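**Q** I'm passing along entry.pdb; it holds PDB, C-alpha atoms.
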```pdb
MODEL        1
ATOM      1  CA  MET A   1     -13.596  58.916 -45.177
ATOM      2  CA  ARG A   2     -14.191  55.306 -44.133
ATOM      3  CA  ASP A   3     -11.053  53.461 -43.047
ATOM      4  CA  ALA A   4      -9.885  51.459 -46.062
ATOM      5  CA  ARG A   5      -8.540  48.774 -43.707
ATOM      6  CA  LEU A   6     -12.123  47.593 -43.159
ATOM      7  CA  ARG A   7     -11.893  46.070 -46.618
ATOM      8  CA  HIS A   8     -10.268  42.667 -46.560
ATOM      9  CA  PRO A   9      -6.718  42.842 -47.988
ATOM     10  CA  ASP A  10      -7.373  39.761 -50.116
ATOM     11  CA  TRP A  11     -10.269  41.283 -52.055
ATOM     12  CA  LEU A  12      -9.792  42.495 -55.626
ATOM     13  CA  ALA A  13     -10.200  46.056 -56.859
ATOM     14  CA  PRO A  14      -9.881  47.747 -60.249
ATOM     15  CA  VAL A  15      -6.749  49.718 -60.969
ATOM     16  CA  TRP A  16      -8.351  52.553 -62.858
ATOM     17  CA  ASP A  17      -8.872  56.309 -62.700
ATOM     18  CA  ALA A  18     -12.618  56.385 -62.074
ATOM     19  CA  ALA A  19     -13.462  59.585 -60.217
ATOM     20  CA  ASN A  20     -16.241  59.409 -57.614
ATOM     21  CA  VAL A  21     -16.551  55.619 -57.998
ATOM     22  CA  GLY A  22     -15.874  52.779 -55.567
ATOM     23  CA  ALA A  23     -15.529  49.170 -56.731
ATOM     24  CA  LEU A  24     -14.285  45.801 -55.547
ATOM     25  CA  MET A  25     -14.750  42.057 -55.749
ATOM     26  CA  THR A  26     -14.784  39.856 -52.682
ATOM     27  CA  THR A  27     -12.963  36.552 -52.423
ATOM     28  CA  ARG A  28     -13.877  33.590 -50.221
ATOM     29  CA  ARG A  29     -11.820  35.001 -47.351
ATOM     30  CA  GLY A  30     -12.881  37.250 -44.513
ATOM     31  CA  GLY A  31     -16.295  35.927 -43.445
ATOM     32  CA  VAL A  32     -17.983  33.647 -40.945
ATOM     33  CA  SER A  33     -19.487  30.791 -42.993
ATOM     34  CA  ALA A  34     -18.437  27.191 -42.300
ATOM     35  CA  ALA A  35     -17.146  24.717 -44.883
ATOM     36  CA  PRO A  36     -17.837  24.178 -47.727
ATOM     37  CA  PHE A  37     -18.959  27.823 -47.832
ATOM     38  CA  ASP A  38     -15.933  29.079 -45.948
ATOM     39  CA  SER A  39     -15.842  31.789 -45.308
ATOM     40  CA  PHE A  40     -17.251  34.843 -47.102
ATOM     41  CA  ASN A  41     -20.250  33.346 -48.870
ATOM     42  CA  LEU A  42     -22.781  36.010 -49.830
ATOM     43  CA  ARG A  43     -25.658  33.882 -51.132
ATOM     44  CA  ALA A  44     -28.142  32.062 -48.917
ATOM     45  CA  ALA A  45     -29.829  29.853 -51.521
ATOM     46  CA  VAL A  46     -26.868  27.473 -51.853
ATOM     47  CA  GLY A  47     -27.237  25.568 -48.576
ATOM     48  CA  ASP A  48     -25.307  27.849 -46.226
ATOM     49  CA  ASP A  49     -26.608  28.954 -42.829
ATOM     50  CA  PRO A  50     -28.792  32.025 -43.540
ATOM     51  CA  GLN A  51     -27.534  33.741 -40.396
ATOM     52  CA  ALA A  52     -23.928  33.366 -41.557
ATOM     53  CA  VAL A  53     -24.831  34.753 -44.974
ATOM     54  CA  ALA A  54     -26.628  37.697 -43.389
ATOM     55  CA  ALA A  55     -23.573  38.363 -41.222
ATOM     56  CA  ASN A  56     -21.317  38.280 -44.290
ATOM     57  CA  GLN A  57     -23.595  40.673 -46.143
ATOM     58  CA  ARG A  58     -23.479  43.065 -43.191
ATOM     59  CA  LEU A  59     -19.675  42.840 -43.172
ATOM     60  CA  LEU A  60     -19.628  43.727 -46.863
ATOM     61  CA  GLU A  61     -21.927  46.700 -46.316
ATOM     62  CA  GLN A  62     -19.753  47.917 -43.447
ATOM     63  CA  ALA A  63     -16.616  47.544 -45.572
ATOM     64  CA  ILE A  64     -17.862  49.549 -48.531
ATOM     65  CA  GLY A  65     -20.129  52.026 -46.762
ATOM     66  CA  VAL A  66     -23.118  51.432 -49.053
ATOM     67  CA  ARG A  67     -25.778  48.730 -49.233
ATOM     68  CA  PRO A  68     -25.139  46.200 -52.026
ATOM     69  CA  VAL A  69     -28.250  45.509 -54.113
ATOM     70  CA  PHE A  70     -28.345  41.877 -55.206
ATOM     71  CA  LEU A  71     -30.314  40.501 -58.144
ATOM     72  CA  ASN A  72     -32.172  37.312 -58.975
ATOM     73  CA  GLN A  73     -29.717  36.213 -61.673
ATOM     74  CA  VAL A  74     -30.942  33.962 -64.480
ATOM     75  CA  HIS A  75     -28.133  34.009 -67.104
ATOM     76  CA  ALA A  76     -29.989  36.455 -69.343
ATOM     77  CA  ALA A  77     -29.328  39.984 -70.633
ATOM     78  CA  THR A  78     -31.866  41.998 -68.636
ATOM     79  CA  VAL A  79     -30.584  45.173 -66.968
ATOM     80  CA  ALA A  80     -32.296  46.660 -63.877
ATOM     81  CA  ARG A  81     -32.167  50.366 -63.056
ATOM     82  CA  LEU A  82     -31.467  50.532 -59.323
ATOM     83  CA  THR A  83     -32.712  53.277 -56.998
ATOM     84  CA  ALA A  84     -32.812  54.032 -53.298
ATOM     85  CA  ALA A  85     -35.947  51.897 -53.011
ATOM     86  CA  ASP A  86     -33.926  48.824 -53.982
ATOM     87  CA  ALA A  87     -31.292  49.565 -51.349
ATOM     88  CA  GLN A  88     -33.975  49.944 -48.688
ATOM     89  CA  ALA A  89     -35.842  46.763 -49.628
ATOM     90  CA  GLY A  90     -33.385  44.337 -48.046
ATOM     91  CA  ALA A  91     -34.205  41.676 -50.662
ATOM     92  CA  ALA A  92     -33.656  41.193 -54.386
ATOM     93  CA  LEU A  93     -36.484  42.926 -56.245
ATOM     94  CA  HIS A  94     -35.254  42.426 -59.800
ATOM     95  CA  THR A  95     -34.823  39.341 -61.955
ATOM     96  CA  ALA A  96     -31.893  40.532 -64.017
ATOM     97  CA  ASP A  97     -28.221  39.884 -64.670
ATOM     98  CA  ALA A  98     -27.045  43.471 -64.492
ATOM     99  CA  GLY A  99     -27.743  46.535 -62.413
ATOM    100  CA  VAL A 100     -27.157  50.212 -63.239
ATOM    101  CA  THR A 101     -27.563  53.316 -61.101
ATOM    102  CA  THR A 102     -27.010  57.067 -61.147
ATOM    103  CA  GLU A 103     -27.618  57.475 -57.411
ATOM    104  CA  PRO A 104     -24.832  57.636 -54.812
ATOM    105  CA  GLY A 105     -24.899  55.125 -51.973
ATOM    106  CA  ILE A 106     -26.291  52.181 -53.960
ATOM    107  CA  GLY A 107     -24.050  49.179 -54.600
ATOM    108  CA  CYS A 108     -24.695  47.511 -57.950
ATOM    109  CA  ALA A 109     -23.786  43.918 -57.106
ATOM    110  CA  VAL A 110     -23.537  40.631 -58.977
ATOM    111  CA  GLN A 111     -22.790  37.242 -57.411
ATOM    112  CA  VAL A 112     -20.437  34.785 -59.077
ATOM    113  CA  ALA A 113     -18.574  31.513 -58.666
ATOM    114  CA  ASP A 114     -17.026  31.017 -62.151
ATOM    115  CA  CYS A 115     -19.155  33.386 -64.241
ATOM    116  CA  LEU A 116     -17.386  36.627 -65.081
ATOM    117  CA  PRO A 117     -18.345  39.825 -63.238
ATOM    118  CA  VAL A 118     -17.892  43.014 -65.270
ATOM    119  CA  LEU A 119     -18.042  46.494 -63.730
ATOM    120  CA  PHE A 120     -18.642  49.724 -65.679
ATOM    121  CA  ALA A 121     -17.867  53.309 -64.670
ATOM    122  CA  ALA A 122     -18.954  56.416 -66.570
ATOM    123  CA  PRO A 123     -16.948  59.672 -66.444
ATOM    124  CA  GLN A 124     -17.067  61.508 -63.106
ATOM    125  CA  GLY A 125     -19.226  58.709 -61.710
ATOM    126  CA  ARG A 126     -22.350  59.920 -63.493
ATOM    127  CA  ALA A 127     -23.474  56.281 -63.710
ATOM    128  CA  VAL A 128     -22.115  52.836 -62.836
ATOM    129  CA  GLY A 129     -23.134  49.282 -63.617
ATOM    130  CA  ALA A 130     -22.366  45.641 -62.807
ATOM    131  CA  ALA A 131     -22.999  42.659 -65.093
ATOM    132  CA  HIS A 132     -23.041  38.904 -64.470
ATOM    133  CA  ALA A 133     -21.531  37.366 -67.607
ATOM    134  CA  GLY A 134     -21.627  33.615 -67.830
ATOM    135  CA  TRP A 135     -21.346  32.268 -71.357
ATOM    136  CA  ARG A 136     -25.107  32.326 -71.883
ATOM    137  CA  GLY A 137     -25.526  35.918 -70.792
ATOM    138  CA  LEU A 138     -22.413  36.955 -72.663
ATOM    139  CA  ALA A 139     -23.685  35.379 -75.890
ATOM    140  CA  LEU A 140     -27.107  36.985 -75.353
ATOM    141  CA  GLY A 141     -25.555  40.443 -75.055
ATOM    142  CA  VAL A 142     -25.588  41.245 -71.339
ATOM    143  CA  LEU A 143     -22.435  43.360 -71.630
ATOM    144  CA  GLU A 144     -23.744  45.378 -74.556
ATOM    145  CA  ALA A 145     -27.061  45.872 -72.748
ATOM    146  CA  THR A 146     -25.301  47.037 -69.584
ATOM    147  CA  LEU A 147     -22.949  49.472 -71.263
ATOM    148  CA  GLY A 148     -25.871  50.803 -73.283
ATOM    149  CA  ALA A 149     -27.819  51.430 -70.073
ATOM    150  CA  VAL A 150     -24.818  53.107 -68.419
ATOM    151  CA  CYS A 151     -24.211  55.303 -71.464
ATOM    152  CA  GLU A 152     -27.863  56.298 -71.639
ATOM    153  CA  ALA A 153     -27.965  57.125 -67.941
ATOM    154  CA  ALA A 154     -24.700  59.087 -68.026
ATOM    155  CA  ARG A 155     -25.255  60.611 -71.476
ATOM    156  CA  CYS A 156     -21.894  59.452 -72.686
ATOM    157  CA  GLU A 157     -20.410  57.260 -75.404
ATOM    158  CA  PRO A 158     -18.983  53.730 -74.953
ATOM    159  CA  GLY A 159     -15.484  55.057 -75.567
ATOM    160  CA  GLU A 160     -15.775  57.185 -72.430
ATOM    161  CA  LEU A 161     -16.534  54.232 -70.152
ATOM    162  CA  GLN A 162     -14.108  52.153 -68.143
ATOM    163  CA  ALA A 163     -14.780  48.424 -67.765
ATOM    164  CA  TRP A 164     -13.175  45.973 -65.352
ATOM    165  CA  LEU A 165     -13.330  42.182 -65.437
ATOM    166  CA  GLY A 166     -13.182  40.394 -62.099
ATOM    167  CA  ALA A 167     -12.313  36.774 -61.360
ATOM    168  CA  GLY A 168     -13.962  34.035 -63.394
ATOM    169  CA  ILE A 169     -13.242  30.627 -64.835
ATOM    170  CA  GLY A 170     -10.004  30.765 -66.817
ATOM    171  CA  PRO A 171      -9.215  29.431 -70.299
ATOM    172  CA  ALA A 172      -7.322  26.423 -68.961
ATOM    173  CA  HIS A 173     -10.404  25.090 -67.149
ATOM    174  CA  PHE A 174     -13.507  26.145 -69.097
ATOM    175  CA  GLU A 175     -14.338  23.042 -71.129
ATOM    176  CA  VAL A 176     -17.349  23.525 -73.400
ATOM    177  CA  GLY A 177     -19.248  21.670 -76.099
ATOM    178  CA  PRO A 178     -20.418  22.677 -79.577
ATOM    179  CA  ASP A 179     -23.462  24.486 -78.154
ATOM    180  CA  VAL A 180     -21.199  27.196 -76.760
ATOM    181  CA  LEU A 181     -19.353  27.634 -80.056
ATOM    182  CA  GLU A 182     -22.710  27.881 -81.787
ATOM    183  CA  ALA A 183     -23.961  30.473 -79.307
ATOM    184  CA  PHE A 184     -21.017  32.719 -80.171
ATOM    185  CA  GLY A 185     -21.147  31.993 -83.900
ATOM    186  CA  ALA A 186     -17.580  30.697 -83.648
ATOM    187  CA  SER A 187     -15.860  28.247 -85.934
ATOM    188  CA  VAL A 188     -13.844  25.297 -84.669
ATOM    189  CA  ASP A 189     -10.634  27.159 -85.481
ATOM    190  CA  SER A 190     -11.552  30.294 -83.495
ATOM    191  CA  PRO A 191      -8.639  31.528 -81.352
ATOM    192  CA  ARG A 192     -11.039  31.800 -78.390
ATOM    193  CA  PHE A 193     -11.771  28.041 -78.456
ATOM    194  CA  VAL A 194      -8.926  25.533 -78.236
ATOM    195  CA  ALA A 195      -9.738  21.938 -79.219
ATOM    196  CA  ARG A 196      -9.195  19.511 -76.361
ATOM    197  CA  GLN A 197     -10.817  16.288 -77.585
ATOM    198  CA  PRO A 198     -13.534  15.421 -80.113
ATOM    199  CA  GLY A 199     -16.529  17.630 -79.379
ATOM    200  CA  LYS A 200     -14.826  19.517 -76.543
ATOM    201  CA  TRP A 201     -13.007  22.849 -76.469
ATOM    202  CA  LEU A 202     -11.389  25.094 -73.880
ATOM    203  CA  ALA A 203     -13.073  28.499 -74.066
ATOM    204  CA  ASP A 204     -11.477  31.812 -73.085
ATOM    205  CA  LEU A 205     -14.340  33.598 -71.337
ATOM    206  CA  PRO A 206     -12.409  36.779 -70.406
ATOM    207  CA  ALA A 207     -11.143  37.141 -73.983
ATOM    208  CA  LEU A 208     -14.656  36.658 -75.352
ATOM    209  CA  ALA A 209     -15.842  39.404 -73.009
ATOM    210  CA  ARG A 210     -13.025  41.737 -74.059
ATOM    211  CA  ASP A 211     -13.821  41.094 -77.720
ATOM    212  CA  ARG A 212     -17.440  42.092 -77.236
ATOM    213  CA  LEU A 213     -16.573  45.182 -75.219
ATOM    214  CA  HIS A 214     -14.041  46.356 -77.789
ATOM    215  CA  ALA A 215     -16.492  45.705 -80.617
ATOM    216  CA  ALA A 216     -19.058  47.823 -78.756
ATOM    217  CA  GLY A 217     -16.614  50.720 -78.565
ATOM    218  CA  VAL A 218     -15.214  50.365 -75.033
ATOM    219  CA  ARG A 219     -11.499  51.123 -75.152
ATOM    220  CA  ALA A 220     -10.536  51.044 -71.464
ATOM    221  CA  VAL A 221     -10.898  47.385 -70.429
ATOM    222  CA  SER A 222      -8.839  45.921 -67.581
ATOM    223  CA  GLY A 223      -8.763  42.922 -65.227
ATOM    224  CA  GLY A 224      -9.812  39.365 -65.985
ATOM    225  CA  ASP A 225      -6.519  37.820 -64.910
ATOM    226  CA  TRP A 226      -7.777  35.547 -62.086
ATOM    227  CA  CYS A 227      -9.094  31.997 -62.487
ATOM    228  CA  THR A 228     -11.674  30.872 -59.941
ATOM    229  CA  VAL A 229     -11.119  27.171 -60.655
ATOM    230  CA  ALA A 230      -7.345  27.271 -60.320
ATOM    231  CA  ASP A 231      -7.178  28.916 -56.879
ATOM    232  CA  ALA A 232      -9.326  26.971 -54.409
ATOM    233  CA  SER A 233      -7.967  28.809 -51.376
ATOM    234  CA  ARG A 234      -9.043  32.179 -52.710
ATOM    235  CA  PHE A 235     -12.128  31.704 -54.884
ATOM    236  CA  PHE A 236     -15.406  29.820 -54.856
ATOM    237  CA  SER A 237     -15.902  27.718 -57.996
ATOM    238  CA  PHE A 238     -19.110  25.908 -58.871
ATOM    239  CA  ARG A 239     -17.467  23.912 -61.640
ATOM    240  CA  ARG A 240     -14.699  22.715 -59.315
ATOM    241  CA  ASP A 241     -16.719  22.049 -56.149
ATOM    242  CA  ARG A 242     -20.406  22.033 -57.160
ATOM    243  CA  VAL A 243     -21.529  22.798 -53.583
ATOM    244  CA  THR A 244     -19.917  26.132 -52.806
ATOM    245  CA  GLY A 245     -20.477  29.790 -51.975
ATOM    246  CA  ARG A 246     -20.747  32.926 -54.058
ATOM    247  CA  MET A 247     -18.546  36.001 -54.214
ATOM    248  CA  ALA A 248     -19.725  39.470 -55.179
ATOM    249  CA  ALA A 249     -18.449  42.249 -57.400
ATOM    250  CA  VAL A 250     -19.846  45.633 -56.385
ATOM    251  CA  ILE A 251     -19.613  49.136 -57.838
ATOM    252  CA  TRP A 252     -21.091  52.337 -56.447
ATOM    253  CA  ILE A 253     -21.046  56.116 -56.793
ATOM    254  CA  GLU A 254     -19.378  57.829 -53.865
ATOM    255  CA  ALA A 255     -21.479  60.328 -51.928
ATOM    256  CA  ALA A 256     -20.428  63.959 -52.156
ATOM    257  CA  GLY A 257     -17.485  64.649 -49.894
ATOM    258  CA  GLY A 258     -16.111  61.110 -50.033
ATOM    259  CA  ARG A 259     -16.564  58.156 -47.702
TER     260      ARG A 259
ENDMDL
END
```
Please, can you express the file's structure as C-alpha cells?
**A**
Amino acid sequence: MRDARLRHPDWLAPVWDAANVGALMTTRRGGVSAAPFDSFNLRAAVGDDPQAVAANQRLLEQAIGVRPVFLNQVHAATVARLTAADAQAGAALHTADAGVTTEPGIGCAVQVADCLPVLFAAPQGRAVGAAHAGWRGLALGVLEATLGAVCEAARCEPGELQAWLGAGIGPAHFEVGPDVLEAFGASVDSPRFVARQPGKWLADLPALARDRLHAAGVRAVSGGDWCTVADASRFFSFRRDRVTGRMAAVIWIEAAGGR
C-alpha cells in the first residue's frame, strides 16, 4: 500500500464508506508554482509556467498512485467514458465536464477554482465518476448525466451511489443575476437565492447541487462545506482573483490488492 503521507495533509477527502475507491481534492498548497499560481496549480492554460504545472501533475500522480485524466471543460453536461488509453495519452482527449470509468488505475479528474466538483462512487467500486458543476453545467444537467453514466456502467440504481461535493464558491459570495435564476427555473423567493440588491441574488451552489442529486434519487450526499472565495490561503478562486490556478478533484478505482 502506498504511504498515505505522500498526500498533502491539507488536501480534502470524502468521509464515506466507499469500498475499493480512492478520492481526494487538492488545495493550493503543496506544489512548486510561483505566485499568483502558488503553489499547487494543475492547469497550464492559465498563464503559469508549464514546467511547474507538469511538476505539480507528477506530484499528484505520485500521491494517488494513478494517472489523473483531465478533460477539456466547457461548462456543459457531456460525460466521457475513460479507459486506459486516456491515461496513457498524457493529454486531454475529451471535451466534456465529467468523466466516468470502470477500470482500476484511472483517475477521473475535474479542475476547479469556484465551480463545484462532485465525485460519485458505485457499490464495491464497480464504477466511479467526477463532474465539474458550475452553474451552467449544473442547470444543464451535468450531475444527472454523470450519475446516469455511473449507474449504467455499474448496473446499479441512484440510491446505491455515494456522492461527495468538494470545495466551491459558497452562498455568501456567489452573486448572480436573473439569468441564473431563469436557468434553474427559480422564482425570486426561492430559498436557494437570497436577494442582495435589485437584480442581484446570492446563490447557494452546493444546495442547488444537493437538491438535484436528491431529486435524482441519490440519498448519500456529503461534503460541500468549503468556500473557495472565503479562504484565499487554501483555495484558488477565479471570482476573487481572476488570474489564479486550478485545483483538482480526483476519484479512482483501487487496483486489486490495494495501493
**Q** What does the PyMOL selection byres ((chain A and resi 113) around 12) select in this file, as a PDB file with C-alpha atoms, keeping the file's coordinate frame?
**A**
```pdb
ATOM      1  CA  MET A  25     -14.750  42.057 -55.749  1.00  0.00           C
ATOM      2  CA  THR A  26     -14.784  39.856 -52.682  1.00  0.00           C
ATOM      3  CA  THR A  27     -12.963  36.552 -52.423  1.00  0.00           C
ATOM      4  CA  ARG A  28     -13.877  33.590 -50.221  1.00  0.00           C
ATOM      5  CA  PHE A  37     -18.959  27.823 -47.832  1.00  0.00           C
ATOM      6  CA  ASN A  41     -20.250  33.346 -48.870  1.00  0.00           C
ATOM      7  CA  LEU A  42     -22.781  36.010 -49.830  1.00  0.00           C
ATOM      8  CA  ARG A  43     -25.658  33.882 -51.132  1.00  0.00           C
ATOM      9  CA  VAL A  46     -26.868  27.473 -51.853  1.00  0.00           C
ATOM     10  CA  VAL A 110     -23.537  40.631 -58.977  1.00  0.00           C
ATOM     11  CA  GLN A 111     -22.790  37.242 -57.411  1.00  0.00           C
ATOM     12  CA  VAL A 112     -20.437  34.785 -59.077  1.00  0.00           C
ATOM     13  CA  ASP A 114     -17.026  31.017 -62.151  1.00  0.00           C
ATOM     14  CA  CYS A 115     -19.155  33.386 -64.241  1.00  0.00           C
ATOM     15  CA  LEU A 116     -17.386  36.627 -65.081  1.00  0.00           C
ATOM     16  CA  PRO A 117     -18.345  39.825 -63.238  1.00  0.00           C
ATOM     17  CA  HIS A 132     -23.041  38.904 -64.470  1.00  0.00           C
ATOM     18  CA  ALA A 133     -21.531  37.366 -67.607  1.00  0.00           C
ATOM     19  CA  GLY A 134     -21.627  33.615 -67.830  1.00  0.00           C
ATOM     20  CA  GLY A 166     -13.182  40.394 -62.099  1.00  0.00           C
ATOM     21  CA  ALA A 167     -12.313  36.774 -61.360  1.00  0.00           C
ATOM     22  CA  GLY A 168     -13.962  34.035 -63.394  1.00  0.00           C
ATOM     23  CA  ILE A 169     -13.242  30.627 -64.835  1.00  0.00           C
ATOM     24  CA  GLY A 170     -10.004  30.765 -66.817  1.00  0.00           C
ATOM     25  CA  CYS A 227      -9.094  31.997 -62.487  1.00  0.00           C
ATOM     26  CA  THR A 228     -11.674  30.872 -59.941  1.00  0.00           C
ATOM     27  CA  VAL A 229     -11.119  27.171 -60.655  1.00  0.00           C
ATOM     28  CA  ASP A 231      -7.178  28.916 -56.879  1.00  0.00           C
ATOM     29  CA  ALA A 232      -9.326  26.971 -54.409  1.00  0.00           C
ATOM     30  CA  ARG A 234      -9.043  32.179 -52.710  1.00  0.00           C
ATOM     31  CA  PHE A 235     -12.128  31.704 -54.884  1.00  0.00           C
ATOM     32  CA  PHE A 236     -15.406  29.820 -54.856  1.00  0.00           C
ATOM     33  CA  SER A 237     -15.902  27.718 -57.996  1.00  0.00           C
ATOM     34  CA  PHE A 238     -19.110  25.908 -58.871  1.00  0.00           C
ATOM     35  CA  ARG A 239     -17.467  23.912 -61.640  1.00  0.00           C
ATOM     36  CA  ARG A 240     -14.699  22.715 -59.315  1.00  0.00           C
ATOM     37  CA  ASP A 241     -16.719  22.049 -56.149  1.00  0.00           C
ATOM     38  CA  ARG A 242     -20.406  22.033 -57.160  1.00  0.00           C
ATOM     39  CA  VAL A 243     -21.529  22.798 -53.583  1.00  0.00           C
ATOM     40  CA  THR A 244     -19.917  26.132 -52.806  1.00  0.00           C
ATOM     41  CA  GLY A 245     -20.477  29.790 -51.975  1.00  0.00           C
ATOM     42  CA  ARG A 246     -20.747  32.926 -54.058  1.00  0.00           C
ATOM     43  CA  MET A 247     -18.546  36.001 -54.214  1.00  0.00           C
ATOM     44  CA  ALA A 248     -19.725  39.470 -55.179  1.00  0.00           C
ATOM     45  CA  ALA A 249     -18.449  42.249 -57.400  1.00  0.00           C
TER      46      ALA A 249
END
```
**Q** Using the chain letters and residue numbers of this document, give as number ranges by chain the residues selected by the PyMOL selection byres ((chain A and resi 81-93) around 6).
**A** A: 67, 69-71, 80, 94, 99-101
**Q** The selected residues should be written to file as an mmCIF file, keeping the file's coordinate frame (atoms: C-alpha atoms).
**A**
```cif
data_model
loop_
_atom_site.group_PDB
_atom_site.id
_atom_site.type_symbol
_atom_site.label_atom_id
_atom_site.label_comp_id
_atom_site.auth_asym_id
_atom_site.auth_seq_id
_atom_site.Cartn_x
_atom_site.Cartn_y
_atom_site.Cartn_z
ATOM 1 C CA ARG A 67 -25.778 48.730 -49.233
ATOM 2 C CA VAL A 69 -28.250 45.509 -54.113
ATOM 3 C CA PHE A 70 -28.345 41.877 -55.206
ATOM 4 C CA LEU A 71 -30.314 40.501 -58.144
ATOM 5 C CA ALA A 80 -32.296 46.660 -63.877
ATOM 6 C CA HIS A 94 -35.254 42.426 -59.800
ATOM 7 C CA GLY A 99 -27.743 46.535 -62.413
ATOM 8 C CA VAL A 100 -27.157 50.212 -63.239
ATOM 9 C CA THR A 101 -27.563 53.316 -61.101
#
```
**Q** As a check of understanding, name the residues that the PyMOL selection byres ((chain A and resi 119) around 7) selects in the supplied structure, as a CSV table (one decimal) with C-alpha atoms, keeping the file's coordinate frame.
**A**
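Now in expr37.csv:
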```csv
chain,number,residue,atom,x,y,z
A,117,PRO,CA,-18.3,39.8,-63.2
A,118,VAL,CA,-17.9,43.0,-65.3
A,120,PHE,CA,-18.6,49.7,-65.7
A,121,ALA,CA,-17.9,53.3,-64.7
A,129,GLY,CA,-23.1,49.3,-63.6
A,130,ALA,CA,-22.4,45.6,-62.8
A,131,ALA,CA,-23.0,42.7,-65.1
A,163,ALA,CA,-14.8,48.4,-67.8
A,164,TRP,CA,-13.2,46.0,-65.4
A,165,LEU,CA,-13.3,42.2,-65.4
A,251,ILE,CA,-19.6,49.1,-57.8
```
**Q** In Å, rounded to a single decimal, give me how far atom CA of A:Asp10 is from atom CA of A:Pro36.
**A** 18.9 Å
**Q** Quick one: of A:Ala77, A:Val188, A:Leu205, A:Leu181, who's nearest to A:Gly148, counting all atoms listed in the file?
**A**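 The closest residue to A:Gly148 is A:Ala77.
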**Q** With distances taken over only C-alpha atoms, which residue among A:Leu213, A:Ala19, A:Ala183, A:Ala109 lies nearest A:Arg136?
**A** A:Ala183
